[in-house]
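Colleague: Take this structure, written in C-alpha cells, and hold onto it; I'll ask about it next.
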Amino acid sequence: MMDRHTTMMLISIGIALVYVASVHVATRLGASSLRSRSDSRSDPAVIKRRVAGVALATLFSVAAASLATRTHPADLILGAHASLSKVAISALVGAAVPSILFFGHLVRCILQGLPVCEVCQEDTILIVRALIAAPISEEICFRSCMVPLFKAGGFTDTATIFTLPLVFGLAHLHHIYDSFRERAGPKVNFAHLFLSLFGIQKRFGSDHAALANQSAILTQILLQSIFQFAYTTVFGWIATWLLIRTGGGAIAPIVAHTLCNGFGFPDLSCFAEFGRDRKQNIIGISYFIGLSGFFALLTFM
C-alpha cells in the first residue's frame, strides 16, 4: 500500500487534473452542439461553459479533500473555527499584501491618470471570469483543498508553501493549447509541427510556409507560458503563505488573487527612463517601496 505522503500528493494532483479537464470538457461539450463552433477562451459562450465546468470541479475538489482529510467542507473554505471577525481580518490581510506589493503600480496609475483595474474596462463576462470565477475556484481547489491534503500527508509548512504552487503553475500550462489554436487555426498537423521545432525539415507534403508560421507562433507561446508559469508559481507561494498564516481558509488568497488579476502584471517601463523623468523616478521609487514593504510584511507576520 502507498504511504499517506504519496496518497495525499496523488489526490492533490488528481484535483488539479480534474480542474483543468473541466475547462476543456465544458468547452468541447458545449461547442459540439453549436453549428458554428467556437473554442476561443474570450468568447462569452465559452466563458459561461467554462465557469460552469470549474464550478463542478470545485465541488468535486471540496468533497474529495473533505473525505481524505476528514474535515468539514466549511472548515476547508473558511478555516477552522471561522467567525465573522476572523473572516474580516483574513480579507483585510488578503487586500493589504497585494496593495503593498503593487504600490508602484498604484502610484503609476494616479500620476498617469490610468485605471487601477485594467480588466474592469472589459465586458462584464470577462470581469466575472477574472475577478470572481477564477479567484474563487482556483483558490478553493489549489489552496483550501490542497494545503490540508499536504499537511495530512506530513508536509511541513515550508515544504507546502514552496512545493504546492508548482502544481498551480503547471495547471496554467493548458493555456498553451488554447492560445495556439486561436492564433494558428484549427487545421494543424501537430506531428509535423513538433518535428519542425527541432529543426527536422522533411518534405511533409504540406504547406511549408504555413508550417514555419505555426512553428514561430508556438515558440512565442511557449516562451510566454514559461513566464506565466514563473509568475503563477510566485503568486502561488504568496497565496499559500497567506492561507497558512491567516488560518482563514481561502478568504485571504481569494481577495489577493482578485486584486492581482485586477492590477495586472506591473509595467516596469519606468526604469528605462529612471533618472531622466521626475514622474518615472517617483514611480520607480514607489516600486522599491512596495517591494520592501512586502518583504517587511513577510518578516513580521
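FYI, nothing fancy with the C-alpha cells labels: chains A, B, ... in order, residues from 1 per chain, ligands from 1 as they appear.
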Would you kindly return, as a list in words, each protein, DNA or RNA residue with an atom no farther than 6 Å from any atom of A:Val23, considering only C-alpha atoms and excluding same-chain residues fewer than 2 positions away?
Modeller: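 Those residues are Val20, Ala21, Val25, Ala26, Arg50 and Gly53 of chain A.
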Colleague: Excluding A:Met301 and any residue of its chain fewer than 4 positions from it, enumerate the residues within 12 Å of it, using only C-alpha atoms, and give them as JSON, numbers by chain.
Modeller: {"A": [93, 97, 241, 242, 244, 245, 246, 294, 295, 296, 297]}
Colleague: Let me make sure I understand: among A:Ser269, A:Asn261, A:Ser66, A:Ser85, which one has the smallest atom-to-atom distance to A:Tyr231 if we use only C-alpha atoms?
Modeller: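 Between A:Ser269, A:Asn261, A:Ser66, A:Ser85, the residue approaching A:Tyr231 most closely is A:Asn261.
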Colleague: Determine, counting only C-alpha atoms, which protein, DNA and RNA residues have an atom within 9 Å of an atom of A:Phe102; residues of the same chain fewer than 6 positions away are not included. Present the result as a compact mmCIF listing (two decimals) with all heavy atoms, in the first residue's frame.
Modeller:
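Below is the file selection.txt, written as the result:
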```
# COMPACT_ATOMS: atom_id res chain seq x y z
N CYS A 260 -4.79 40.99 -7.62
CA CYS A 260 -3.68 40.78 -8.57
C CYS A 260 -4.19 40.68 -10.00
O CYS A 260 -3.58 41.23 -10.93
CB CYS A 260 -2.90 39.52 -8.20
SG CYS A 260 -1.85 39.71 -6.75
N PHE A 263 -5.11 44.28 -11.00
CA PHE A 263 -3.95 45.14 -11.24
C PHE A 263 -3.21 44.76 -12.52
O PHE A 263 -2.70 45.62 -13.22
CB PHE A 263 -2.96 45.04 -10.06
CG PHE A 263 -3.48 45.59 -8.77
CD1 PHE A 263 -2.97 45.15 -7.55
CD2 PHE A 263 -4.47 46.56 -8.75
CE1 PHE A 263 -3.45 45.66 -6.34
CE2 PHE A 263 -4.96 47.07 -7.55
CZ PHE A 263 -4.45 46.62 -6.35
N PRO A 266 2.79 44.25 -13.39
CA PRO A 266 3.31 45.62 -13.28
C PRO A 266 4.05 46.08 -14.55
O PRO A 266 4.78 45.31 -15.16
CB PRO A 266 4.30 45.54 -12.10
CG PRO A 266 3.86 44.35 -11.32
CD PRO A 266 3.31 43.37 -12.31
N SER A 286 8.59 54.09 -5.97
CA SER A 286 7.39 53.51 -5.38
C SER A 286 7.40 51.98 -5.51
O SER A 286 6.94 51.27 -4.60
CB SER A 286 6.14 54.08 -6.04
OG SER A 286 6.05 55.48 -5.83
N TYR A 287 7.91 51.49 -6.63
CA TYR A 287 8.02 50.04 -6.80
C TYR A 287 8.95 49.45 -5.74
O TYR A 287 8.67 48.40 -5.15
CB TYR A 287 8.53 49.70 -8.20
CG TYR A 287 7.46 49.62 -9.25
CD1 TYR A 287 7.45 50.48 -10.34
CD2 TYR A 287 6.44 48.66 -9.16
CE1 TYR A 287 6.46 50.41 -11.32
CE2 TYR A 287 5.45 48.58 -10.13
CZ TYR A 287 5.47 49.46 -11.21
OH TYR A 287 4.49 49.37 -12.17
N GLY A 290 7.20 49.51 -2.35
CA GLY A 290 6.22 48.43 -2.27
C GLY A 290 6.86 47.08 -2.06
O GLY A 290 6.40 46.28 -1.23
N LEU A 291 7.95 46.82 -2.79
CA LEU A 291 8.65 45.54 -2.65
C LEU A 291 9.26 45.41 -1.26
O LEU A 291 9.18 44.34 -0.64
CB LEU A 291 9.72 45.42 -3.73
CG LEU A 291 10.33 44.03 -3.96
CD1 LEU A 291 9.24 43.05 -4.40
CD2 LEU A 291 11.43 44.10 -5.01
```
Colleague: One number please: atom CA of A:Ala45 to atom CA of A:His24, in Å, one decimal.
Modeller: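 Atom CA of A:His24 lies 13.5 Å from atom CA of A:Ala45.
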Colleague: Just the residues within 8 Å of stretch 130-132 of chain A, please, counting only C-alpha atoms, with nothing from its chain fewer than 6 positions along; format it as a VMD selection string.
Modeller: chain A and resid 119 257 to 259 261 to 262
Colleague: If I take atom CA of A:Thr58 and atom CA of A:Arg143, how far is one from the other in Å, to one decimal?
Modeller: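 Result for atom CA of A:Thr58 versus atom CA of A:Arg143: 11.4 Å, one decimal.
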Colleague: Ranking A:Val128, A:Ile11, A:Ile238, A:Ala230 by minimum distance to A:Leu67 and counting only C-alpha atoms, which one comes first?
Modeller: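 Looking at the shortest contact to A:Leu67, the residue is A:Ile11.
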Colleague: For stretch 160-168 of chain A, please output as a PyMOL selection string all residues within 10 Å (counting only C-alpha atoms; exclusion window: fewer than 5 positions along the same chain).
Modeller: chain A and resi 9+12-13+16-17+138-139+141-143+146-151+154-155+173+229-230+232-244
Colleague: What does the distance between atom CA of A:Ile282 and atom CA of A:Ala256 come to in Å, to one decimal place?
Modeller: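 Between atom CA of A:Ile282 and atom CA of A:Ala256 the gap is 24.9 Å.
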Colleague: Nearest to A:Val51: which of A:Ala80, A:Ile100, A:Ala252, A:Leu126 is it, counting only C-alpha atoms?
Modeller: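 Checking each candidate against A:Val51, we get A:Leu126 as the closest.
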